[in-house]
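Colleague: Following this line is protein_33.pdb, made up of PDB, C-alpha atoms, pLDDT in the B column:
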ATOM      1  CA  MET A  14      28.217  10.013   1.521  1.00 81.00           C
ATOM      2  CA  ASN A  15      28.959   6.964   3.653  1.00 81.00           C
ATOM      3  CA  LYS A  16      27.541   3.476   3.122  1.00 79.00           C
ATOM      4  CA  SER A  17      24.725   3.817   5.670  1.00 79.00           C
ATOM      5  CA  GLU A  18      23.575   7.174   4.195  1.00 86.00           C
ATOM      6  CA  PHE A  19      23.612   5.617   0.726  1.00 88.00           C
ATOM      7  CA  LEU A  20      21.539   2.639   1.914  1.00 87.00           C
ATOM      8  CA  ARG A  21      18.992   4.854   3.691  1.00 89.00           C
ATOM      9  CA  LEU A  22      18.457   7.240   0.773  1.00 94.00           C
ATOM     10  CA  ASN A  23      18.391   4.473  -1.816  1.00 93.00           C
ATOM     11  CA  LYS A  24      15.787   2.571   0.194  1.00 93.00           C
ATOM     12  CA  SER A  25      13.672   5.739   0.696  1.00 96.00           C
ATOM     13  CA  VAL A  26      13.558   6.232  -3.067  1.00 96.00           C
ATOM     14  CA  SER A  27      12.699   2.557  -3.566  1.00 95.00           C
ATOM     15  CA  VAL A  28       9.872   2.691  -0.992  1.00 96.00           C
ATOM     16  CA  ALA A  29       8.534   5.845  -2.695  1.00 97.00           C
ATOM     17  CA  GLY A  30       8.310   4.129  -6.070  1.00 96.00           C
ATOM     18  CA  VAL A  31       9.633   7.232  -7.846  1.00 96.00           C
ATOM     19  CA  LYS A  32       8.644   7.520 -11.495  1.00 95.00           C
ATOM     20  CA  GLU A  33      10.134   9.667 -14.230  1.00 95.00           C
ATOM     21  CA  GLY A  34       8.741  13.187 -14.383  1.00 96.00           C
ATOM     22  CA  GLU A  35       7.229  13.227 -10.892  1.00 97.00           C
ATOM     23  CA  LYS A  36       7.348  16.384  -8.762  1.00 98.00           C
ATOM     24  CA  VAL A  37       9.396  15.748  -5.625  1.00 98.00           C
ATOM     25  CA  LEU A  38       9.609  17.860  -2.470  1.00 98.00           C
ATOM     26  CA  ASP A  39      12.528  17.129  -0.124  1.00 97.00           C
ATOM     27  CA  LEU A  40      11.969  18.675   3.328  1.00 96.00           C
ATOM     28  CA  GLY A  41      15.074  19.000   5.470  1.00 93.00           C
ATOM     29  CA  CYS A  42      17.104  18.423   2.305  1.00 93.00           C
ATOM     30  CA  GLY A  43      20.484  19.370   3.793  1.00 89.00           C
ATOM     31  CA  ASN A  44      23.026  19.302   0.992  1.00 88.00           C
ATOM     32  CA  ASN A  45      20.597  17.706  -1.511  1.00 91.00           C
ATOM     33  CA  MET A  46      22.105  14.193  -1.348  1.00 92.00           C
ATOM     34  CA  LEU A  47      18.683  12.726  -2.180  1.00 95.00           C
ATOM     35  CA  ARG A  48      18.726  14.527  -5.528  1.00 94.00           C
ATOM     36  CA  CYS A  49      21.493  12.172  -6.724  1.00 92.00           C
ATOM     37  CA  PHE A  50      18.963   9.308  -6.553  1.00 95.00           C
ATOM     38  CA  LEU A  51      16.191  11.174  -8.391  1.00 94.00           C
ATOM     39  CA  VAL A  52      17.083  11.379 -12.053  1.00 86.00           C
ATOM     40  CA  SER A  53      14.398  12.719 -14.379  1.00 91.00           C
ATOM     41  CA  THR A  54      12.229  14.211 -11.635  1.00 94.00           C
ATOM     42  CA  ASP A  55      11.213  17.793 -10.868  1.00 96.00           C
ATOM     43  CA  TYR A  56      13.048  18.267  -7.545  1.00 96.00           C
ATOM     44  CA  THR A  57      12.538  20.993  -4.909  1.00 97.00           C
ATOM     45  CA  GLY A  58      14.539  20.984  -1.678  1.00 96.00           C
ATOM     46  CA  VAL A  59      13.800  23.014   1.475  1.00 96.00           C
ATOM     47  CA  ASP A  60      16.098  23.411   4.479  1.00 95.00           C
ATOM     48  CA  MET A  61      17.189  26.045   6.990  1.00 91.00           C
ATOM     49  CA  VAL A  62      20.640  26.247   5.424  1.00 85.00           C
ATOM     50  CA  GLY A  63      21.533  26.056   1.738  1.00 74.00           C
ATOM     51  CA  GLY A  64      20.620  23.168  -0.497  1.00 75.00           C
ATOM     52  CA  GLY A  65      17.460  24.671  -1.968  1.00 86.00           C
ATOM     53  CA  ILE A  66      14.783  27.022  -0.682  1.00 94.00           C
ATOM     54  CA  VAL A  67      16.129  28.405   2.589  1.00 94.00           C
ATOM     55  CA  TYR A  68      13.291  28.323   5.114  1.00 95.00           C
ATOM     56  CA  ASN A  69      12.634  27.288   8.712  1.00 94.00           C
ATOM     57  CA  LEU A  70      10.095  24.463   8.430  1.00 95.00           C
ATOM     58  CA  GLU A  71       9.015  25.012  12.058  1.00 94.00           C
ATOM     59  CA  TYR A  72       6.739  27.640  10.480  1.00 95.00           C
ATOM     60  CA  GLY A  73       5.229  25.169   8.017  1.00 95.00           C
ATOM     61  CA  LEU A  74       5.811  25.079   4.283  1.00 97.00           C
ATOM     62  CA  PRO A  75       7.177  28.161   2.521  1.00 97.00           C
ATOM     63  CA  ASN A  76       4.474  30.252   0.812  1.00 96.00           C
ATOM     64  CA  SER A  77       6.318  29.869  -2.501  1.00 96.00           C
ATOM     65  CA  ILE A  78       5.346  26.173  -2.703  1.00 96.00           C
ATOM     66  CA  LYS A  79       1.935  26.091  -0.984  1.00 96.00           C
ATOM     67  CA  ASN A  80       0.122  26.222  -4.337  1.00 96.00           C
ATOM     68  CA  ILE A  81       2.201  23.507  -6.008  1.00 97.00           C
ATOM     69  CA  LYS A  82       1.128  19.858  -6.025  1.00 98.00           C
ATOM     70  CA  PHE A  83       3.814  17.224  -5.392  1.00 98.00           C
ATOM     71  CA  ASP A  84       3.765  13.515  -6.212  1.00 98.00           C
ATOM     72  CA  ILE A  85       6.268  12.612  -3.497  1.00 98.00           C
ATOM     73  CA  ILE A  86       7.326  14.425  -0.334  1.00 98.00           C
ATOM     74  CA  PHE A  87      10.420  13.172   1.474  1.00 98.00           C
ATOM     75  CA  MET A  88      11.236  13.840   5.129  1.00 96.00           C
ATOM     76  CA  ASN A  89      14.434  11.867   5.572  1.00 93.00           C
ATOM     77  CA  GLU A  90      15.536  11.883   9.208  1.00 89.00           C
ATOM     78  CA  PHE A  91      13.971  15.280   9.706  1.00 89.00           C
ATOM     79  CA  ILE A  92      10.601  14.974  11.451  1.00 87.00           C
ATOM     80  CA  GLU A  93      12.162  14.099  14.822  1.00 87.00           C
ATOM     81  CA  HIS A  94      13.920  17.497  14.854  1.00 81.00           C
ATOM     82  CA  ILE A  95      10.848  19.763  14.739  1.00 89.00           C
ATOM     83  CA  GLU A  96       8.116  20.713  17.199  1.00 90.00           C
ATOM     84  CA  ASN A  97       5.291  21.321  14.724  1.00 91.00           C
ATOM     85  CA  PHE A  98       5.449  17.933  12.972  1.00 92.00           C
ATOM     86  CA  LYS A  99       1.639  17.505  13.028  1.00 94.00           C
ATOM     87  CA  SER A 100       0.798  20.835  11.370  1.00 95.00           C
ATOM     88  CA  LEU A 101       3.649  20.376   8.871  1.00 96.00           C
ATOM     89  CA  LEU A 102       2.340  16.922   7.953  1.00 96.00           C
ATOM     90  CA  ASN A 103      -1.158  18.394   7.494  1.00 97.00           C
ATOM     91  CA  GLU A 104       0.283  21.042   5.156  1.00 97.00           C
ATOM     92  CA  CYS A 105       2.130  18.323   3.254  1.00 97.00           C
ATOM     93  CA  LYS A 106      -1.148  16.465   2.758  1.00 97.00           C
ATOM     94  CA  GLU A 107      -2.628  19.636   1.231  1.00 97.00           C
ATOM     95  CA  VAL A 108       0.141  19.902  -1.413  1.00 98.00           C
ATOM     96  CA  LEU A 109       0.129  16.167  -2.186  1.00 98.00           C
ATOM     97  CA  THR A 110      -1.398  14.950  -5.459  1.00 98.00           C
ATOM     98  CA  GLU A 111      -4.315  12.523  -5.243  1.00 95.00           C
ATOM     99  CA  ASN A 112      -2.051   9.459  -5.615  1.00 95.00           C
ATOM    100  CA  GLY A 113       0.930  11.079  -3.919  1.00 97.00           C
ATOM    101  CA  ARG A 114       3.181   9.593  -1.265  1.00 98.00           C
ATOM    102  CA  ILE A 115       4.900  11.001   1.805  1.00 98.00           C
ATOM    103  CA  ILE A 116       8.082   9.183   2.762  1.00 97.00           C
ATOM    104  CA  ILE A 117       9.241   9.658   6.349  1.00 95.00           C
ATOM    105  CA  SER A 118      12.414   8.071   7.646  1.00 92.00           C
ATOM    106  CA  THR A 119      13.258   8.390  11.317  1.00 89.00           C
ATOM    107  CA  PRO A 120      15.612   6.632  13.730  1.00 83.00           C
ATOM    108  CA  SER A 121      14.226   3.453  15.217  1.00 74.00           C
ATOM    109  CA  ASN A 122      13.574   3.245  18.926  1.00 64.00           C
ATOM    110  CA  ASN A 123      14.281  -0.465  18.794  1.00 55.00           C
ATOM    111  CA  ARG A 124      17.990  -0.179  18.051  1.00 47.00           C
ATOM    112  CA  LEU A 125      19.989  -2.762  19.946  1.00 42.00           C
ATOM    113  CA  LEU A 126      23.237  -2.766  18.015  1.00 41.00           C
ATOM    114  CA  SER A 127      25.279   0.336  17.415  1.00 42.00           C
ATOM    115  CA  GLY A 128      28.759   0.982  16.096  1.00 42.00           C
ATOM    116  CA  ASP A 129      28.854   3.917  18.512  1.00 43.00           C
ATOM    117  CA  PHE A 130      28.146   1.743  21.549  1.00 41.00           C
ATOM    118  CA  LEU A 131      30.074   3.908  24.004  1.00 37.00           C
ATOM    119  CA  ASP A 132      28.444   7.092  22.736  1.00 41.00           C
ATOM    120  CA  VAL A 133      24.867   5.834  22.303  1.00 44.00           C
ATOM    121  CA  HIS A 134      23.176   9.216  22.652  1.00 43.00           C
ATOM    122  CA  SER A 135      25.393  11.138  20.214  1.00 45.00           C
ATOM    123  CA  GLU A 136      23.117  10.631  17.209  1.00 49.00           C
ATOM    124  CA  ASP A 137      20.010  11.474  19.228  1.00 55.00           C
ATOM    125  CA  MET A 138      21.238  14.963  20.127  1.00 58.00           C
ATOM    126  CA  GLY A 139      18.876  17.495  18.619  1.00 66.00           C
ATOM    127  CA  HIS A 140      15.975  15.059  18.428  1.00 67.00           C
ATOM    128  CA  ILE A 141      12.868  16.617  19.918  1.00 70.00           C
ATOM    129  CA  HIS A 142      10.575  13.643  19.329  1.00 70.00           C
ATOM    130  CA  CYS A 143      10.946   9.903  19.075  1.00 76.00           C
ATOM    131  CA  PHE A 144       8.633   8.055  16.710  1.00 77.00           C
ATOM    132  CA  ARG A 145       7.714   4.438  17.290  1.00 77.00           C
ATOM    133  CA  LYS A 146       5.464   2.611  14.834  1.00 83.00           C
ATOM    134  CA  THR A 147       2.422   3.221  17.055  1.00 85.00           C
ATOM    135  CA  ASN A 148       3.139   6.974  17.274  1.00 87.00           C
ATOM    136  CA  MET A 149       3.527   7.170  13.495  1.00 88.00           C
ATOM    137  CA  ARG A 150       0.298   5.220  12.892  1.00 93.00           C
ATOM    138  CA  ASN A 151      -1.578   7.579  15.224  1.00 92.00           C
ATOM    139  CA  LEU A 152      -0.032  10.654  13.607  1.00 93.00           C
ATOM    140  CA  ALA A 153      -0.959   9.407  10.133  1.00 95.00           C
ATOM    141  CA  LYS A 154      -4.545   8.703  11.243  1.00 96.00           C
ATOM    142  CA  VAL A 155      -4.969  12.133  12.877  1.00 95.00           C
ATOM    143  CA  CYS A 156      -3.694  13.792   9.675  1.00 95.00           C
ATOM    144  CA  GLY A 157      -6.045  11.801   7.408  1.00 96.00           C
ATOM    145  CA  LEU A 158      -3.276   9.611   6.039  1.00 97.00           C
ATOM    146  CA  VAL A 159      -2.621   5.883   6.084  1.00 97.00           C
ATOM    147  CA  ILE A 160       0.698   4.047   6.318  1.00 96.00           C
ATOM    148  CA  THR A 161       1.038   1.735   3.313  1.00 96.00           C
ATOM    149  CA  ALA A 162       4.590   0.499   3.994  1.00 95.00           C
ATOM    150  CA  ILE A 163       7.014   0.221   6.897  1.00 91.00           C
ATOM    151  CA  VAL A 164      10.568  -0.817   6.026  1.00 90.00           C
ATOM    152  CA  GLY A 165      13.838  -1.029   7.947  1.00 86.00           C
ATOM    153  CA  THR A 166      17.079   0.152   6.406  1.00 81.00           C
ATOM    154  CA  TYR A 167      20.130  -1.520   7.917  1.00 74.00           C
ATOM    155  CA  VAL A 168      21.590  -3.026  11.037  1.00 72.00           C
ATOM    156  CA  ARG A 169      24.830  -1.582  12.317  1.00 64.00           C
ATOM    157  CA  VAL A 170      27.142  -4.247  13.679  1.00 61.00           C
ATOM    158  CA  PRO A 171      28.574  -4.346  17.223  1.00 60.00           C
ATOM    159  CA  PRO A 172      31.530  -2.083  18.090  1.00 60.00           C
ATOM    160  CA  PHE A 173      34.215  -4.790  17.916  1.00 62.00           C
ATOM    161  CA  ILE A 174      33.585  -5.106  14.155  1.00 60.00           C
ATOM    162  CA  PRO A 175      34.636  -2.171  11.881  1.00 64.00           C
ATOM    163  CA  LYS A 176      32.117   0.716  11.863  1.00 60.00           C
ATOM    164  CA  TYR A 177      31.954   0.871   8.065  1.00 62.00           C
ATOM    165  CA  LEU A 178      30.271  -2.541   7.990  1.00 64.00           C
ATOM    166  CA  VAL A 179      26.500  -2.214   7.819  1.00 64.00           C
ATOM    167  CA  ILE A 180      24.058  -4.927   6.858  1.00 67.00           C
ATOM    168  CA  PRO A 181      21.082  -4.029   4.617  1.00 68.00           C
ATOM    169  CA  THR A 182      17.767  -5.325   5.912  1.00 67.00           C
ATOM    170  CA  ASN A 183      14.023  -4.966   5.462  1.00 65.00           C
ATOM    171  CA  GLN A 184      13.390  -5.898   9.091  1.00 63.00           C
ATOM    172  CA  THR A 185      12.166  -3.162  11.426  1.00 62.00           C
ATOM    173  CA  LEU A 186      12.873  -4.694  14.827  1.00 60.00           C
ATOM    174  CA  TYR A 187      16.658  -4.216  14.918  1.00 64.00           C
ATOM    175  CA  THR A 188      17.086  -1.574  12.270  1.00 71.00           C
ATOM    176  CA  GLU A 189      18.771   1.815  12.730  1.00 78.00           C
ATOM    177  CA  VAL A 190      16.193   3.766  10.699  1.00 86.00           C
ATOM    178  CA  ILE A 191      12.573   3.019   9.786  1.00 87.00           C
ATOM    179  CA  ILE A 192      10.985   4.308   6.583  1.00 91.00           C
ATOM    180  CA  TYR A 193       7.233   4.922   6.479  1.00 93.00           C
ATOM    181  CA  ARG A 194       5.218   5.428   3.295  1.00 96.00           C
ATOM    182  CA  LEU A 195       2.057   7.452   3.917  1.00 96.00           C
ATOM    183  CA  GLU A 196      -0.775   8.106   1.470  1.00 97.00           C
ATOM    184  CA  LYS A 197      -4.132   9.880   1.559  1.00 95.00           C
ATOM    185  CA  LYS A 198      -7.045   7.781   2.849  1.00 87.00           C
TER
END
Can the structure from this file be put into structure tokens for me?
Modeller:
Amino acid sequence: MNKSEFLRLNKSVSVAGVKEGEKVLDLGCGNNMLRCFLVSTDYTGVDMVGGGIVYNLEYGLPNSIKNIKFDIIFMNEFIEHIENFKSLLNECKEVLTENGRIIISTPSNNRLLSGDFLDVHSEDMGHIHCFRKTNMRNLAKVCGLVITAIVGTYVRVPPFIPKYLVIPTNQTLYTEVIIYRLEKK
């Protein structure tokens, strides 16, 4: 895990306000890196390849978890890769506990600085949608949710400075990734 991945996941967990014993669902979990940050929780990961329950989330949530209630649902840099984000978010709301939280992190559209300046579009390959704050607010509203926090993760420095250098931030204007915390209305 590189420094920027560590910062993003650590901040997602912080924004979620994870408490001991909570049931956590990690959609698009990849290789379960988030699990390292979630000690003493009941963790379930879902992804198309390995890492947990193997399932294509384009079809919604797997039947095996549709009757389970979760305190926190994470979608870390995942929602921009799927077509059915609205119906998936509605299904997530249905399996969320009354005081549950949905944490969505997605690349910022406001990025001005990038360590990959010459290859700007490389990280956007595979992205089907782009979420700005207004899009996310509208999506939350349509799904009966409200955004209770918006936080930036880090600023990547210009290409003439080493790529490994990233600067943590809570600002959202120049950040690489934005984290949204959504809750039921």
Colleague: For this structure, which residues satisfy the selection - the PyMOL selection byres ((chain A and resi 22) around 12) - when it is evaluated on the file as given? I want them as a PyMOL selection string.
Modeller: chain A and resi 14-21+23-29+39+42+45-51+87-90+116-119+165-167+190-192
Colleague: Only C-alpha atoms, please: the residues just picked out, written as a CSV table (one decimal), in the coordinates of the input.
Modeller:
chain,number,residue,atom,x,y,z
A,14,MET,CA,28.2,10.0,1.5
A,15,ASN,CA,29.0,7.0,3.7
A,16,LYS,CA,27.5,3.5,3.1
A,17,SER,CA,24.7,3.8,5.7
A,18,GLU,CA,23.6,7.2,4.2
A,19,PHE,CA,23.6,5.6,0.7
A,20,LEU,CA,21.5,2.6,1.9
A,21,ARG,CA,19.0,4.9,3.7
A,23,ASN,CA,18.4,4.5,-1.8
A,24,LYS,CA,15.8,2.6,0.2
A,25,SER,CA,13.7,5.7,0.7
A,26,VAL,CA,13.6,6.2,-3.1
A,27,SER,CA,12.7,2.6,-3.6
A,28,VAL,CA,9.9,2.7,-1.0
A,29,ALA,CA,8.5,5.8,-2.7
A,39,ASP,CA,12.5,17.1,-0.1
A,42,CYS,CA,17.1,18.4,2.3
A,45,ASN,CA,20.6,17.7,-1.5
A,46,MET,CA,22.1,14.2,-1.3
A,47,LEU,CA,18.7,12.7,-2.2
A,48,ARG,CA,18.7,14.5,-5.5
A,49,CYS,CA,21.5,12.2,-6.7
A,50,PHE,CA,19.0,9.3,-6.6
A,51,LEU,CA,16.2,11.2,-8.4
A,87,PHE,CA,10.4,13.2,1.5
A,88,MET,CA,11.2,13.8,5.1
A,89,ASN,CA,14.4,11.9,5.6
A,90,GLU,CA,15.5,11.9,9.2
A,116,ILE,CA,8.1,9.2,2.8
A,117,ILE,CA,9.2,9.7,6.3
A,118,SER,CA,12.4,8.1,7.6
A,119,THR,CA,13.3,8.4,11.3
A,165,GLY,CA,13.8,-1.0,7.9
A,166,THR,CA,17.1,0.2,6.4
A,167,TYR,CA,20.1,-1.5,7.9
A,190,VAL,CA,16.2,3.8,10.7
A,191,ILE,CA,12.6,3.0,9.8
A,192,ILE,CA,11.0,4.3,6.6
Colleague: Given only C-alpha atoms as the basis, pick out the residue of A:Asp55, A:Gly113, A:Lys146, A:Leu152 nearest to Ser100 of chain A.
Modeller: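 Comparing A:Asp55, A:Gly113, A:Lys146, A:Leu152 against Ser100 of chain A, the winner is A:Leu152.
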Colleague: Can you tell me which residues surround Lys198 of chain A at a distance of at most 7 Å, considering all atoms listed in the file, apart from same-chain residues fewer than 4 positions away, and format the answer as a PyMOL selection string?
Modeller: chain A and resi 157-159
Colleague: Excluding Pro75 of chain A and any residue of its chain fewer than 2 positions from it, enumerate the residues within 12 Å of it, using only C-alpha atoms, and give them as a list in words.
Modeller: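 Here the qualifying residues turn out to be Leu38, Leu40, Thr57, Gly58, Val59, Asp60, Met61, Gly65, Ile66, Val67, Tyr68, Asn69, Leu70, Glu71, Tyr72, Gly73, Ser77, Ile78, Lys79, Asn80, Ile81, Leu101, Glu104, Cys105 and Val108 of chain A.
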Colleague: Would you work out the distance separating atom CA of Glu96 of chain A from atom CA of Lys36 of chain A, expressed in Å to one decimal?
Modeller: 26.3 Å
Colleague: Determine, counting only C-alpha atoms, which protein, DNA and RNA residues have an atom within 9 Å of an atom of Ile115 of chain A; residues of the same chain fewer than 3 positions away are not included. Present the result as an NGL selection string.
Modeller: :A and (29 or 84-88 or 102 or 105-106 or 109 or 193-196)
Colleague: Please write the residues from the selection above to a file, keeping C-alpha atoms, as a short mmCIF file (atom, residue, chain, number, x, y, z; two decimals), in the coordinates of the input.
Modeller:
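Printed below is out_12.cif as written:
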data_model
loop_
_atom_site.label_atom_id
_atom_site.label_comp_id
_atom_site.auth_asym_id
_atom_site.auth_seq_id
_atom_site.Cartn_x
_atom_site.Cartn_y
_atom_site.Cartn_z
CA ALA A 29 8.53 5.84 -2.70
CA ASP A 84 3.76 13.52 -6.21
CA ILE A 85 6.27 12.61 -3.50
CA ILE A 86 7.33 14.42 -0.33
CA PHE A 87 10.42 13.17 1.47
CA MET A 88 11.24 13.84 5.13
CA LEU A 102 2.34 16.92 7.95
CA CYS A 105 2.13 18.32 3.25
CA LYS A 106 -1.15 16.46 2.76
CA LEU A 109 0.13 16.17 -2.19
CA TYR A 193 7.23 4.92 6.48
CA ARG A 194 5.22 5.43 3.30
CA LEU A 195 2.06 7.45 3.92
CA GLU A 196 -0.78 8.11 1.47
#
Colleague: Could you tell me which of A:Cys143, A:Met149, A:Ala162, A:Val62 comes closest to Gly41 of chain A if we count all atoms listed in the file?
Modeller: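 Of the candidates, the smallest distance to Gly41 of chain A is held by A:Val62.
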Colleague: When you draw a straight line from atom CA of Glu35 of chain A to atom CA of Tyr56 of chain A, how long is it in Å?
Modeller: 8.4 Å
Colleague: Which distance in Å separates atom CA of Ile141 of chain A and atom CA of Ile92 of chain A, to one decimal?
Modeller: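 Between atom CA of Ile141 of chain A and atom CA of Ile92 of chain A the gap works out to 8.9 Å.
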Colleague: I need the residue nearest Ala153 of chain A from this list: A:Phe83, A:Phe98, A:Glu189, A:Lys32. Use all atoms listed in the file for the distance.
Modeller: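 Checking each candidate against Ala153 of chain A, we get A:Phe98 as the closest.
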Colleague: Nearest to Glu111 of chain A: which of A:His142, A:Lys82, A:Arg150, A:Lys99 is it, counting only C-alpha atoms?
Modeller: A:Lys82
Colleague: Restricting the calculation to all atoms listed in the file: of A:Arg145, A:Arg114, A:His94, A:Lys197, which residue gets closest to Val31 of chain A?
Modeller: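 Ranked by minimum distance to Val31 of chain A, first place goes to A:Arg114.
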Colleague: Rebuild N, CA and C atoms on segment 100-113 of chain A, as a short mmCIF file (atom, residue, chain, number, x, y, z; two decimals), in the coordinates of the input?
Modeller:
data_model
loop_
_atom_site.label_atom_id
_atom_site.label_comp_id
_atom_site.auth_asym_id
_atom_site.auth_seq_id
_atom_site.Cartn_x
_atom_site.Cartn_y
_atom_site.Cartn_z
N SER A 100 1.30 19.82 12.30
CA SER A 100 0.80 20.84 11.37
C SER A 100 1.57 20.80 10.06
N LEU A 101 2.87 20.49 10.11
CA LEU A 101 3.65 20.38 8.87
C LEU A 101 3.15 19.20 8.04
N LEU A 102 2.85 18.08 8.69
CA LEU A 102 2.34 16.92 7.95
C LEU A 102 0.97 17.22 7.34
N ASN A 103 0.14 17.97 8.06
CA ASN A 103 -1.16 18.39 7.49
C ASN A 103 -0.96 19.28 6.27
N GLU A 104 0.00 20.19 6.32
CA GLU A 104 0.28 21.04 5.16
C GLU A 104 0.81 20.21 4.00
N CYS A 105 1.62 19.21 4.31
CA CYS A 105 2.13 18.32 3.25
C CYS A 105 0.98 17.59 2.56
N LYS A 106 0.02 17.14 3.34
CA LYS A 106 -1.15 16.46 2.76
C LYS A 106 -1.87 17.38 1.77
N GLU A 107 -1.94 18.67 2.10
CA GLU A 107 -2.63 19.64 1.23
C GLU A 107 -1.93 19.85 -0.11
N VAL A 108 -0.59 19.69 -0.15
CA VAL A 108 0.14 19.90 -1.41
C VAL A 108 0.46 18.58 -2.11
N LEU A 109 -0.10 17.49 -1.61
CA LEU A 109 0.13 16.17 -2.19
C LEU A 109 -0.90 15.89 -3.28
N THR A 110 -0.47 15.34 -4.40
CA THR A 110 -1.40 14.95 -5.46
C THR A 110 -2.29 13.83 -4.95
N GLU A 111 -3.35 13.54 -5.67
CA GLU A 111 -4.32 12.52 -5.24
C GLU A 111 -3.66 11.17 -4.97
N ASN A 112 -2.74 10.75 -5.80
CA ASN A 112 -2.05 9.46 -5.62
C ASN A 112 -0.63 9.64 -5.08
N GLY A 113 -0.40 10.76 -4.42
CA GLY A 113 0.93 11.08 -3.92
C GLY A 113 1.32 10.26 -2.70
#
